[in-house]
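Shown here: work_29.pdb, PDB, C-alpha atoms.
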MODEL        1
ATOM      1  CA  MET Q1400      32.708   6.808-102.062  1.00  0.00           C
ATOM      2  CA  SER Q1401      36.453   6.901-102.499  1.00  0.00           C
ATOM      3  CA  ASN Q1402      38.330   5.000-105.166  1.00  0.00           C
ATOM      4  CA  LEU Q1403      41.003   3.928-102.687  1.00  0.00           C
ATOM      5  CA  LEU Q1404      41.967   0.283-102.775  1.00  0.00           C
ATOM      6  CA  PHE Q1405      40.516  -2.069-100.148  1.00  0.00           C
ATOM      7  CA  ASP Q1406      41.173  -5.748-100.685  1.00  0.00           C
ATOM      8  CA  PHE Q1407      40.351  -8.479 -98.155  1.00  0.00           C
ATOM      9  CA  THR Q1408      41.236 -12.100 -98.935  1.00  0.00           C
ATOM     10  CA  VAL Q1409      40.991 -15.194 -96.741  1.00  0.00           C
ATOM     11  CA  ASP Q1410      43.213 -18.212 -97.420  1.00  0.00           C
ATOM     12  CA  LYS Q1411      41.936 -20.988 -95.169  1.00  0.00           C
ATOM     13  CA  VAL Q1412      44.595 -23.450 -96.343  1.00  0.00           C
ATOM     14  CA  ALA Q1413      47.403 -21.102 -95.246  1.00  0.00           C
ATOM     15  CA  GLN Q1414      45.274 -19.912 -92.263  1.00  0.00           C
ATOM     16  CA  LYS Q1415      45.889 -16.307 -93.322  1.00  0.00           C
ATOM     17  CA  VAL Q1416      43.937 -13.146 -94.011  1.00  0.00           C
ATOM     18  CA  PHE Q1417      45.430 -10.639 -96.448  1.00  0.00           C
ATOM     19  CA  ILE Q1418      44.260  -7.026 -96.276  1.00  0.00           C
ATOM     20  CA  THR Q1419      45.427  -4.194 -98.515  1.00  0.00           C
ATOM     21  CA  ARG Q1420      44.143  -0.687 -97.918  1.00  0.00           C
ATOM     22  CA  GLU Q1421      45.106   2.601 -99.518  1.00  0.00           C
ATOM     23  CA  PHE Q1422      44.768   5.967 -97.789  1.00  0.00           C
ATOM     24  CA  ASP Q1423      44.825   9.471 -99.202  1.00  0.00           C
ATOM     25  CA  ALA Q1424      47.400  10.586 -96.633  1.00  0.00           C
ATOM     26  CA  GLU Q1425      51.159  10.740 -96.270  1.00  0.00           C
ATOM     27  CA  LEU Q1426      52.989   7.760 -94.859  1.00  0.00           C
ATOM     28  CA  SER Q1427      54.154   9.396 -91.621  1.00  0.00           C
ATOM     29  CA  LEU Q1428      50.549  10.237 -90.670  1.00  0.00           C
ATOM     30  CA  VAL Q1429      49.265   6.723 -91.449  1.00  0.00           C
ATOM     31  CA  TRP Q1430      52.197   5.224 -89.503  1.00  0.00           C
ATOM     32  CA  ASP Q1431      51.322   7.434 -86.500  1.00  0.00           C
ATOM     33  CA  ALA Q1432      47.671   6.364 -86.753  1.00  0.00           C
ATOM     34  CA  TYR Q1433      48.755   2.728 -86.299  1.00  0.00           C
ATOM     35  CA  THR Q1434      51.408   3.332 -83.642  1.00  0.00           C
ATOM     36  CA  LYS Q1435      50.195   6.108 -81.311  1.00  0.00           C
ATOM     37  CA  PRO Q1436      47.481   5.203 -78.798  1.00  0.00           C
ATOM     38  CA  GLU Q1437      45.786   8.611 -78.858  1.00  0.00           C
ATOM     39  CA  ILE Q1438      45.151   8.192 -82.606  1.00  0.00           C
ATOM     40  CA  LEU Q1439      44.558   4.401 -82.528  1.00  0.00           C
ATOM     41  CA  ASP Q1440      41.746   4.849 -80.024  1.00  0.00           C
ATOM     42  CA  GLN Q1441      39.947   7.158 -82.477  1.00  0.00           C
ATOM     43  CA  TRP Q1442      39.513   4.420 -85.094  1.00  0.00           C
ATOM     44  CA  TRP Q1443      40.510   0.891 -83.982  1.00  0.00           C
ATOM     45  CA  ALA Q1444      36.965  -0.235 -83.042  1.00  0.00           C
ATOM     46  CA  PRO Q1445      34.026  -0.588 -85.450  1.00  0.00           C
ATOM     47  CA  LYS Q1446      31.224   1.830 -84.536  1.00  0.00           C
ATOM     48  CA  PRO Q1447      29.293   1.930 -82.239  1.00  0.00           C
ATOM     49  CA  PHE Q1448      32.165   0.328 -80.246  1.00  0.00           C
ATOM     50  CA  THR Q1449      35.044   2.454 -79.002  1.00  0.00           C
ATOM     51  CA  SER Q1450      38.678   1.576 -78.389  1.00  0.00           C
ATOM     52  CA  LYS Q1451      40.275   2.290 -75.012  1.00  0.00           C
ATOM     53  CA  THR Q1452      44.026   1.793 -74.552  1.00  0.00           C
ATOM     54  CA  LYS Q1453      45.020   1.078 -70.955  1.00  0.00           C
ATOM     55  CA  PHE Q1454      48.728   1.245 -71.848  1.00  0.00           C
ATOM     56  CA  MET Q1455      50.938   0.989 -74.892  1.00  0.00           C
ATOM     57  CA  ASN Q1456      54.662   1.009 -75.466  1.00  0.00           C
ATOM     58  CA  PHE Q1457      55.426   0.738 -79.150  1.00  0.00           C
ATOM     59  CA  GLU Q1458      58.845  -0.918 -79.109  1.00  0.00           C
ATOM     60  CA  VAL Q1459      60.136  -4.425 -79.786  1.00  0.00           C
ATOM     61  CA  GLY Q1460      59.036  -6.484 -76.788  1.00  0.00           C
ATOM     62  CA  GLY Q1461      56.502  -3.797 -75.839  1.00  0.00           C
ATOM     63  CA  ARG Q1462      52.764  -4.151 -75.929  1.00  0.00           C
ATOM     64  CA  ARG Q1463      49.377  -2.487 -76.142  1.00  0.00           C
ATOM     65  CA  PHE Q1464      46.658  -3.538 -73.709  1.00  0.00           C
ATOM     66  CA  TYR Q1465      43.290  -2.236 -74.804  1.00  0.00           C
ATOM     67  CA  ALA Q1466      39.569  -2.897 -74.808  1.00  0.00           C
ATOM     68  CA  MET Q1467      36.846  -2.589 -77.385  1.00  0.00           C
ATOM     69  CA  VAL Q1468      33.971  -1.097 -75.434  1.00  0.00           C
ATOM     70  CA  SER Q1469      30.332  -1.640 -76.389  1.00  0.00           C
ATOM     71  CA  PRO Q1470      27.756   1.173 -76.151  1.00  0.00           C
ATOM     72  CA  GLU Q1471      26.530  -0.585 -72.976  1.00  0.00           C
ATOM     73  CA  GLY Q1472      30.029  -0.385 -71.475  1.00  0.00           C
ATOM     74  CA  GLN Q1473      31.013  -4.049 -71.902  1.00  0.00           C
ATOM     75  CA  GLU Q1474      34.767  -4.407 -72.407  1.00  0.00           C
ATOM     76  CA  ARG Q1475      36.494  -6.992 -74.624  1.00  0.00           C
ATOM     77  CA  TRP Q1476      40.208  -6.851 -73.802  1.00  0.00           C
ATOM     78  CA  SER Q1477      43.117  -7.681 -76.116  1.00  0.00           C
ATOM     79  CA  VAL Q1478      46.901  -7.647 -75.969  1.00  0.00           C
ATOM     80  CA  GLN Q1479      49.154  -6.774 -78.888  1.00  0.00           C
ATOM     81  CA  LYS Q1480      52.820  -7.707 -78.364  1.00  0.00           C
ATOM     82  CA  TYR Q1481      55.251  -5.998 -80.743  1.00  0.00           C
ATOM     83  CA  THR Q1482      57.784  -8.478 -82.123  1.00  0.00           C
ATOM     84  CA  SER Q1483      59.511  -6.421 -84.841  1.00  0.00           C
ATOM     85  CA  ILE Q1484      59.571  -2.734 -85.840  1.00  0.00           C
ATOM     86  CA  SER Q1485      61.185  -1.090 -88.880  1.00  0.00           C
ATOM     87  CA  PRO Q1486      60.128   2.566 -88.544  1.00  0.00           C
ATOM     88  CA  LYS Q1487      57.663   3.801 -91.162  1.00  0.00           C
ATOM     89  CA  THR Q1488      57.890   0.585 -93.233  1.00  0.00           C
ATOM     90  CA  ASN Q1489      56.883  -2.458 -91.161  1.00  0.00           C
ATOM     91  CA  PHE Q1490      55.888  -3.749 -87.774  1.00  0.00           C
ATOM     92  CA  LYS Q1491      54.800  -7.146 -86.553  1.00  0.00           C
ATOM     93  CA  MET Q1492      52.756  -8.087 -83.541  1.00  0.00           C
ATOM     94  CA  PHE Q1493      51.164 -11.018 -81.815  1.00  0.00           C
ATOM     95  CA  ASN Q1494      47.491 -10.327 -81.018  1.00  0.00           C
ATOM     96  CA  ALA Q1495      45.287 -12.227 -78.576  1.00  0.00           C
ATOM     97  CA  PHE Q1496      42.111 -11.679 -76.617  1.00  0.00           C
ATOM     98  CA  ALA Q1497      42.624 -11.375 -72.872  1.00  0.00           C
ATOM     99  CA  ASP Q1498      40.734 -10.820 -69.656  1.00  0.00           C
ATOM    100  CA  LYS Q1499      40.830  -7.544 -67.722  1.00  0.00           C
ATOM    101  CA  ASP Q1500      43.937  -8.793 -65.874  1.00  0.00           C
ATOM    102  CA  GLU Q1501      45.827  -9.367 -69.131  1.00  0.00           C
ATOM    103  CA  ASN Q1502      45.636 -13.182 -69.040  1.00  0.00           C
ATOM    104  CA  LEU Q1503      45.756 -14.252 -72.686  1.00  0.00           C
ATOM    105  CA  GLU Q1504      43.123 -16.389 -74.399  1.00  0.00           C
ATOM    106  CA  LEU Q1505      45.168 -18.509 -76.777  1.00  0.00           C
ATOM    107  CA  PRO Q1506      45.557 -19.214 -79.606  1.00  0.00           C
ATOM    108  CA  GLY Q1507      46.200 -15.751 -80.973  1.00  0.00           C
ATOM    109  CA  SER Q1508      47.271 -14.425 -84.351  1.00  0.00           C
ATOM    110  CA  ASP Q1509      50.409 -12.908 -85.879  1.00  0.00           C
ATOM    111  CA  TRP Q1510      49.958  -9.605 -87.713  1.00  0.00           C
ATOM    112  CA  ASP Q1511      52.460  -8.215 -90.221  1.00  0.00           C
ATOM    113  CA  PHE Q1512      51.933  -4.593 -91.336  1.00  0.00           C
ATOM    114  CA  ASN Q1513      53.778  -3.166 -94.360  1.00  0.00           C
ATOM    115  CA  PHE Q1514      53.580   0.540 -95.233  1.00  0.00           C
ATOM    116  CA  SER Q1515      54.489   2.152 -98.565  1.00  0.00           C
ATOM    117  CA  GLU Q1516      53.826   5.557-100.131  1.00  0.00           C
ATOM    118  CA  GLN Q1517      53.350   6.434-103.773  1.00  0.00           C
ATOM    119  CA  ASN Q1518      52.012   9.662-105.301  1.00  0.00           C
ATOM    120  CA  GLY Q1519      50.854  10.993-101.936  1.00  0.00           C
ATOM    121  CA  LYS Q1520      48.849   7.868-101.125  1.00  0.00           C
ATOM    122  CA  THR Q1521      49.870   5.364 -98.468  1.00  0.00           C
ATOM    123  CA  LYS Q1522      49.257   1.663 -98.884  1.00  0.00           C
ATOM    124  CA  VAL Q1523      49.076  -0.664 -95.898  1.00  0.00           C
ATOM    125  CA  ASP Q1524      49.441  -4.392 -96.570  1.00  0.00           C
ATOM    126  CA  ILE Q1525      48.484  -6.601 -93.633  1.00  0.00           C
ATOM    127  CA  THR Q1526      48.947 -10.343 -93.317  1.00  0.00           C
ATOM    128  CA  ILE Q1527      47.264 -12.054 -90.360  1.00  0.00           C
ATOM    129  CA  TYR Q1528      48.312 -15.609 -89.588  1.00  0.00           C
ATOM    130  CA  ASN Q1529      46.144 -17.686 -87.258  1.00  0.00           C
ATOM    131  CA  GLU Q1530      47.846 -20.741 -85.790  1.00  0.00           C
ATOM    132  CA  SER Q1531      44.380 -22.285 -85.500  1.00  0.00           C
ATOM    133  CA  LEU Q1532      42.033 -22.720 -88.478  1.00  0.00           C
ATOM    134  CA  ALA Q1533      39.143 -22.866 -85.991  1.00  0.00           C
ATOM    135  CA  ARG Q1534      40.124 -19.413 -84.665  1.00  0.00           C
ATOM    136  CA  LEU Q1535      40.325 -18.021 -88.213  1.00  0.00           C
ATOM    137  CA  GLU Q1536      36.883 -19.411 -89.039  1.00  0.00           C
ATOM    138  CA  LYS Q1537      35.460 -18.011 -85.781  1.00  0.00           C
ATOM    139  CA  MET Q1538      36.912 -14.552 -86.603  1.00  0.00           C
ATOM    140  CA  ILE Q1539      35.208 -14.637 -89.993  1.00  0.00           C
ATOM    141  CA  GLU Q1540      31.893 -15.864 -88.531  1.00  0.00           C
ATOM    142  CA  MET Q1541      32.024 -13.053 -85.950  1.00  0.00           C
ATOM    143  CA  GLY Q1542      32.073 -10.522 -88.806  1.00  0.00           C
ATOM    144  CA  PHE Q1543      35.785  -9.703 -88.875  1.00  0.00           C
ATOM    145  CA  LYS Q1544      35.700  -8.556 -92.512  1.00  0.00           C
ATOM    146  CA  GLU Q1545      32.728  -6.225 -91.942  1.00  0.00           C
ATOM    147  CA  GLY Q1546      34.179  -4.922 -88.686  1.00  0.00           C
ATOM    148  CA  TYR Q1547      37.579  -4.306 -90.232  1.00  0.00           C
ATOM    149  CA  ALA Q1548      35.986  -2.491 -93.168  1.00  0.00           C
ATOM    150  CA  MET Q1549      34.248  -0.200 -90.626  1.00  0.00           C
ATOM    151  CA  GLN Q1550      37.568   0.391 -88.855  1.00  0.00           C
ATOM    152  CA  MET Q1551      39.198   1.351 -92.168  1.00  0.00           C
ATOM    153  CA  LYS Q1552      36.394   3.854 -92.808  1.00  0.00           C
ATOM    154  CA  ASN Q1553      36.956   5.273 -89.300  1.00  0.00           C
ATOM    155  CA  LEU Q1554      40.683   5.587 -90.035  1.00  0.00           C
ATOM    156  CA  GLU Q1555      39.988   7.318 -93.348  1.00  0.00           C
ATOM    157  CA  GLU Q1556      37.838   9.889 -91.482  1.00  0.00           C
ATOM    158  CA  VAL Q1557      40.521  10.413 -88.817  1.00  0.00           C
ATOM    159  CA  LEU Q1558      43.216  10.913 -91.467  1.00  0.00           C
ATOM    160  CA  ALA Q1559      40.977  13.376 -93.352  1.00  0.00           C
ATOM    161  CA  SER Q1560      40.438  15.363 -90.153  1.00  0.00           C
ATOM    162  CA  PHE Q1561      44.237  15.657 -89.713  1.00  0.00           C
ATOM    163  CA  SER Q1562      44.765  16.886 -93.277  1.00  0.00           C
ATOM    164  CA  LYS Q1563      42.137  19.624 -92.735  1.00  0.00           C
ATOM    165  CA  ARG Q1564      43.953  21.047 -89.701  1.00  0.00           C
ATOM    166  CA  PRO Q1565      45.873  24.289 -90.183  1.00  0.00           C
TER
ENDMDL
END
Could the structure of this file be written out as structure tokens, please?
Amino acid sequence: MSNLLFDFTVDKVAQKVFITREFDAELSLVWDAYTKPEILDQWWAPKPFTSKTKFMNFEVGGRRFYAMVSPEGQERWSVQKYTSISPKTNFKMFNAFADKDENLELPGSDWDFNFSEQNGKTKVDITIYNESLARLEKMIEMGFKEGYAMQMKNLEEVLASFSKRP
């Protein structure tokens, strides 16, 4: 077990989730893992689910349309719309479930990702704001914390595999 920081806090009054996660990898690699579909798809879904990006353009006003796919092949689609990008330090997106034709299921949530590097470790601070308390509570009931912890473990393994490459 690593001694890398993983903090997950829910503030129901503010309708926010705060996640802080440290990775034993350089910032540019962690940034790429969050912003390039070929790497995102390796870790964004908790096992045994997989992530499948249909398209992604990482730019302000751009979006990622992807599905989490169950072992039985069931797809749960989502859209992430990028609202702000400061390369290698921050990006913000609006996230919502959708159907296979990209029709959004509102309300969604606003995600704010902050990246920083210190002593060869990269810290990612994430704030997720849900405009609906009911949606936040449903996320938590559906196992969001456990699922996100699995995703972070997946990402740690992906980052480790990159650092082992020649």
So which residues get picked by the PyMOL selection byres ((chain Q and resi 1519) around 12) here, written as a PDB file with C-alpha atoms, in the frame of the given file?
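Once everything was written out, this is result_7.pdb:
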ATOM      1  CA  GLU Q1421      45.106   2.601 -99.518  1.00  0.00           C
ATOM      2  CA  PHE Q1422      44.768   5.967 -97.789  1.00  0.00           C
ATOM      3  CA  ASP Q1423      44.825   9.471 -99.202  1.00  0.00           C
ATOM      4  CA  ALA Q1424      47.400  10.586 -96.633  1.00  0.00           C
ATOM      5  CA  GLU Q1425      51.159  10.740 -96.270  1.00  0.00           C
ATOM      6  CA  LEU Q1426      52.989   7.760 -94.859  1.00  0.00           C
ATOM      7  CA  SER Q1427      54.154   9.396 -91.621  1.00  0.00           C
ATOM      8  CA  LEU Q1428      50.549  10.237 -90.670  1.00  0.00           C
ATOM      9  CA  VAL Q1429      49.265   6.723 -91.449  1.00  0.00           C
ATOM     10  CA  SER Q1515      54.489   2.152 -98.565  1.00  0.00           C
ATOM     11  CA  GLU Q1516      53.826   5.557-100.131  1.00  0.00           C
ATOM     12  CA  GLN Q1517      53.350   6.434-103.773  1.00  0.00           C
ATOM     13  CA  ASN Q1518      52.012   9.662-105.301  1.00  0.00           C
ATOM     14  CA  LYS Q1520      48.849   7.868-101.125  1.00  0.00           C
ATOM     15  CA  THR Q1521      49.870   5.364 -98.468  1.00  0.00           C
ATOM     16  CA  LYS Q1522      49.257   1.663 -98.884  1.00  0.00           C
TER      17      LYS Q1522
END
Near stretch 1405-1418 of chain Q, 9 Å: stretch 1474-1555 of chain Q residue rows, closest pairs, all atoms listed in the file, as a Markdown table:
| residue | atom | partner | partner_atom | distance |
| --- | --- | --- | --- | --- |
| Q:Val1523 | CA | Q:Ile1418 | CA | 8.0 |
| Q:Asp1524 | CA | Q:Ile1418 | CA | 5.8 |
| Q:Ile1525 | CA | Q:Ile1418 | CA | 5.0 |
| Q:Thr1526 | CA | Q:Phe1417 | CA | 4.7 |
| Q:Ile1527 | CA | Q:Val1416 | CA | 5.1 |
| Q:Tyr1528 | CA | Q:Lys1415 | CA | 4.5 |
| Q:Asn1529 | CA | Q:Gln1414 | CA | 5.5 |
| Q:Glu1530 | CA | Q:Gln1414 | CA | 7.0 |
| Q:Ser1531 | CA | Q:Gln1414 | CA | 7.2 |
| Q:Leu1532 | CA | Q:Gln1414 | CA | 5.7 |
| Q:Leu1535 | CA | Q:Gln1414 | CA | 6.7 |
| Q:Glu1536 | CA | Q:Lys1411 | CA | 8.1 |
| Q:Ile1539 | CA | Q:Val1409 | CA | 8.9 |
| Q:Lys1544 | CA | Q:Phe1407 | CA | 7.3 |
| Q:Ala1548 | CA | Q:Phe1405 | CA | 8.3 |
| Q:Met1551 | CA | Q:Phe1405 | CA | 8.8 |
Report as a ChimeraX atom specification the full result of the PyMOL selection byres ((chain Q and resi 1485) around 12) when it is applied to this structure. /Q:1430,1434,1457-1459,1481-1484,1486-1491,1511-1514
Take the residues from that selection and put them in a file with C-alpha atoms, as a compact mmCIF listing (two decimals), keeping the file's coordinate frame.
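The new file result_5.txt reads:
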# COMPACT_ATOMS: atom_id res chain seq x y z
CA TRP Q 1430 52.20 5.22 -89.50
CA THR Q 1434 51.41 3.33 -83.64
CA PHE Q 1457 55.43 0.74 -79.15
CA GLU Q 1458 58.84 -0.92 -79.11
CA VAL Q 1459 60.14 -4.42 -79.79
CA TYR Q 1481 55.25 -6.00 -80.74
CA THR Q 1482 57.78 -8.48 -82.12
CA SER Q 1483 59.51 -6.42 -84.84
CA ILE Q 1484 59.57 -2.73 -85.84
CA PRO Q 1486 60.13 2.57 -88.54
CA LYS Q 1487 57.66 3.80 -91.16
CA THR Q 1488 57.89 0.58 -93.23
CA ASN Q 1489 56.88 -2.46 -91.16
CA PHE Q 1490 55.89 -3.75 -87.77
CA LYS Q 1491 54.80 -7.15 -86.55
CA ASP Q 1511 52.46 -8.22 -90.22
CA PHE Q 1512 51.93 -4.59 -91.34
CA ASN Q 1513 53.78 -3.17 -94.36
CA PHE Q 1514 53.58 0.54 -95.23
Among the residues Q:Met1541, Q:Ala1432, Q:Arg1534, Q:Lys1446, the one that comes closest to Q:Ala1559 [using only C-alpha atoms]: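 For Q:Ala1559, the nearest of the candidates is Q:Ala1432.
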Please indicate the distance in Å from atom CA of Q:Glu1471 to atom CA of Q:Trp1510, rounded to one decimal place.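 Pair atom CA of Q:Glu1471 / atom CA of Q:Trp1510 returns 29.1 Å.
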Evaluated on this file, the PyMOL selection byres ((chain Q and resi 1467) around 9) picks out some residues - which ones are they, written as a list in words?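 Taken on the displayed file, the PyMOL selection byres ((chain Q and resi 1467) around 9) yields the residues Trp1443, Ala1444, Pro1445, Phe1448, Thr1449, Ser1450, Lys1451, Thr1452, Tyr1465, Ala1466, Val1468, Ser1469, Gln1473, Glu1474, Arg1475, Trp1476 and Ser1477 of chain Q.
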Show me as a CSV table (one decimal) with C-alpha atoms, in the frame of the given file the residues that reach within 9 Å of (43.0, 4.8, -88.8), counting all atoms listed in the file and using the file's own coordinates.
chain,number,residue,atom,x,y,z
Q,1429,VAL,CA,49.3,6.7,-91.4
Q,1432,ALA,CA,47.7,6.4,-86.8
Q,1433,TYR,CA,48.8,2.7,-86.3
Q,1438,ILE,CA,45.2,8.2,-82.6
Q,1439,LEU,CA,44.6,4.4,-82.5
Q,1440,ASP,CA,41.7,4.8,-80.0
Q,1441,GLN,CA,39.9,7.2,-82.5
Q,1442,TRP,CA,39.5,4.4,-85.1
Q,1443,TRP,CA,40.5,0.9,-84.0
Q,1550,GLN,CA,37.6,0.4,-88.9
Q,1551,MET,CA,39.2,1.4,-92.2
Q,1552,LYS,CA,36.4,3.9,-92.8
Q,1553,ASN,CA,37.0,5.3,-89.3
Q,1554,LEU,CA,40.7,5.6,-90.0
Q,1555,GLU,CA,40.0,7.3,-93.3
Q,1556,GLU,CA,37.8,9.9,-91.5
Q,1557,VAL,CA,40.5,10.4,-88.8
Q,1558,LEU,CA,43.2,10.9,-91.5
For Q:Leu1503, find every residue with an atom within 8 Å (counting all atoms listed in the file), except residues of its own chain fewer than 5 positions away, and show them as a list of chain:residue names.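 Contacts, with the query itself left out: Q:Ser1477, Q:Val1478, Q:Ala1495, Q:Phe1496, Q:Ala1497, Q:Asp1498.
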Using only C-alpha atoms and a cutoff of 8 Å, can you tell me which residues are near (46.7, -16.4, -78.4) in the file's coordinates, and write them out as a list in words?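 Checking each residue against the 8 Å limit leaves Phe1493, Asn1494, Ala1495, Phe1496, Leu1503, Glu1504, Leu1505, Pro1506, Gly1507 and Ser1508 of chain Q.
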For atom CA of Q:Tyr1547 and atom CA of Q:Gln1479, the interatomic separation in Å (one decimal):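 Distance reported for this atom pair: 16.4 Å.
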Could you check the closest approach to Q:Arg1463 for each of Q:Glu1540, Q:Glu1545, Q:Asp1509, Q:Glu1501 and tell me which residue wins, using only C-alpha atoms? Q:Glu1501
Please report the interatomic distance between atom CA of Q:Phe1454 and atom CA of Q:Thr1419 in Å with one decimal. 27.4 Å
Atoms are missing here; could stretch 1432-1454 of chain Q be completed with N, CA and C atoms and written as an mmCIF file, in the coordinates of the input?
data_model
loop_
_atom_site.group_PDB
_atom_site.id
_atom_site.type_symbol
_atom_site.label_atom_id
_atom_site.label_comp_id
_atom_site.auth_asym_id
_atom_site.auth_seq_id
_atom_site.Cartn_x
_atom_site.Cartn_y
_atom_site.Cartn_z
ATOM 1 N N ALA Q 1432 49.032 6.827 -87.062
ATOM 2 C CA ALA Q 1432 47.671 6.364 -86.753
ATOM 3 C C ALA Q 1432 47.673 4.910 -86.269
ATOM 4 N N TYR Q 1433 48.645 4.133 -86.713
ATOM 5 C CA TYR Q 1433 48.755 2.728 -86.299
ATOM 6 C C TYR Q 1433 49.617 2.529 -85.056
ATOM 7 N N THR Q 1434 50.406 3.555 -84.678
ATOM 8 C CA THR Q 1434 51.408 3.332 -83.642
ATOM 9 C C THR Q 1434 51.307 4.273 -82.441
ATOM 10 N N LYS Q 1435 50.367 5.190 -82.445
ATOM 11 C CA LYS Q 1435 50.195 6.108 -81.311
ATOM 12 C C LYS Q 1435 48.812 5.888 -80.706
ATOM 13 N N PRO Q 1436 48.765 5.567 -79.409
ATOM 14 C CA PRO Q 1436 47.481 5.203 -78.798
ATOM 15 C C PRO Q 1436 46.404 6.280 -78.897
ATOM 16 N N GLU Q 1437 46.792 7.547 -78.817
ATOM 17 C CA GLU Q 1437 45.786 8.611 -78.858
ATOM 18 C C GLU Q 1437 45.106 8.686 -80.221
ATOM 19 N N ILE Q 1438 45.783 8.234 -81.282
ATOM 20 C CA ILE Q 1438 45.151 8.192 -82.606
ATOM 21 C C ILE Q 1438 44.473 6.833 -82.804
ATOM 22 N N LEU Q 1439 45.139 5.747 -82.410
ATOM 23 C CA LEU Q 1439 44.558 4.401 -82.528
ATOM 24 C C LEU Q 1439 43.166 4.339 -81.909
ATOM 25 N N ASP Q 1440 43.033 4.925 -80.733
ATOM 26 C CA ASP Q 1440 41.746 4.849 -80.024
ATOM 27 C C ASP Q 1440 40.631 5.584 -80.755
ATOM 28 N N GLN Q 1441 40.979 6.445 -81.711
ATOM 29 C CA GLN Q 1441 39.947 7.158 -82.477
ATOM 30 C C GLN Q 1441 39.345 6.296 -83.585
ATOM 31 N N TRP Q 1442 40.005 5.163 -83.930
ATOM 32 C CA TRP Q 1442 39.513 4.420 -85.094
ATOM 33 C C TRP Q 1442 39.559 2.903 -84.969
ATOM 34 N N TRP Q 1443 40.241 2.333 -83.992
ATOM 35 C CA TRP Q 1443 40.510 0.891 -83.982
ATOM 36 C C TRP Q 1443 39.273 0.027 -83.742
ATOM 37 N N ALA Q 1444 38.168 0.569 -83.286
ATOM 38 C CA ALA Q 1444 36.965 -0.235 -83.042
ATOM 39 C C ALA Q 1444 35.879 0.124 -84.054
ATOM 40 N N PRO Q 1445 35.147 -0.894 -84.550
ATOM 41 C CA PRO Q 1445 34.026 -0.588 -85.450
ATOM 42 C C PRO Q 1445 32.895 0.069 -84.661
ATOM 43 N N LYS Q 1446 32.333 1.142 -85.219
ATOM 44 C CA LYS Q 1446 31.224 1.830 -84.536
ATOM 45 C C LYS Q 1446 30.050 0.869 -84.391
ATOM 46 N N PRO Q 1447 29.295 0.919 -83.309
ATOM 47 C CA PRO Q 1447 29.293 1.930 -82.239
ATOM 48 C C PRO Q 1447 30.277 1.624 -81.100
ATOM 49 N N PHE Q 1448 31.164 0.628 -81.268
ATOM 50 C CA PHE Q 1448 32.165 0.328 -80.246
ATOM 51 C C PHE Q 1448 33.227 1.419 -80.231
ATOM 52 N N THR Q 1449 33.914 1.538 -79.103
ATOM 53 C CA THR Q 1449 35.044 2.454 -79.002
ATOM 54 C C THR Q 1449 36.252 1.654 -78.535
ATOM 55 N N SER Q 1450 37.427 2.198 -78.792
ATOM 56 C CA SER Q 1450 38.678 1.576 -78.389
ATOM 57 C C SER Q 1450 39.237 2.369 -77.218
ATOM 58 N N LYS Q 1451 39.733 1.634 -76.209
ATOM 59 C CA LYS Q 1451 40.275 2.290 -75.012
ATOM 60 C C LYS Q 1451 41.600 1.616 -74.669
ATOM 61 N N THR Q 1452 42.708 2.331 -74.865
ATOM 62 C CA THR Q 1452 44.026 1.793 -74.552
ATOM 63 C C THR Q 1452 44.328 2.035 -73.082
ATOM 64 N N LYS Q 1453 44.623 0.954 -72.361
ATOM 65 C CA LYS Q 1453 45.020 1.078 -70.955
ATOM 66 C C LYS Q 1453 46.490 1.468 -70.879
ATOM 67 N N PHE Q 1454 47.342 0.810 -71.687
ATOM 68 C CA PHE Q 1454 48.728 1.245 -71.848
ATOM 69 C C PHE Q 1454 49.274 0.720 -73.156
#
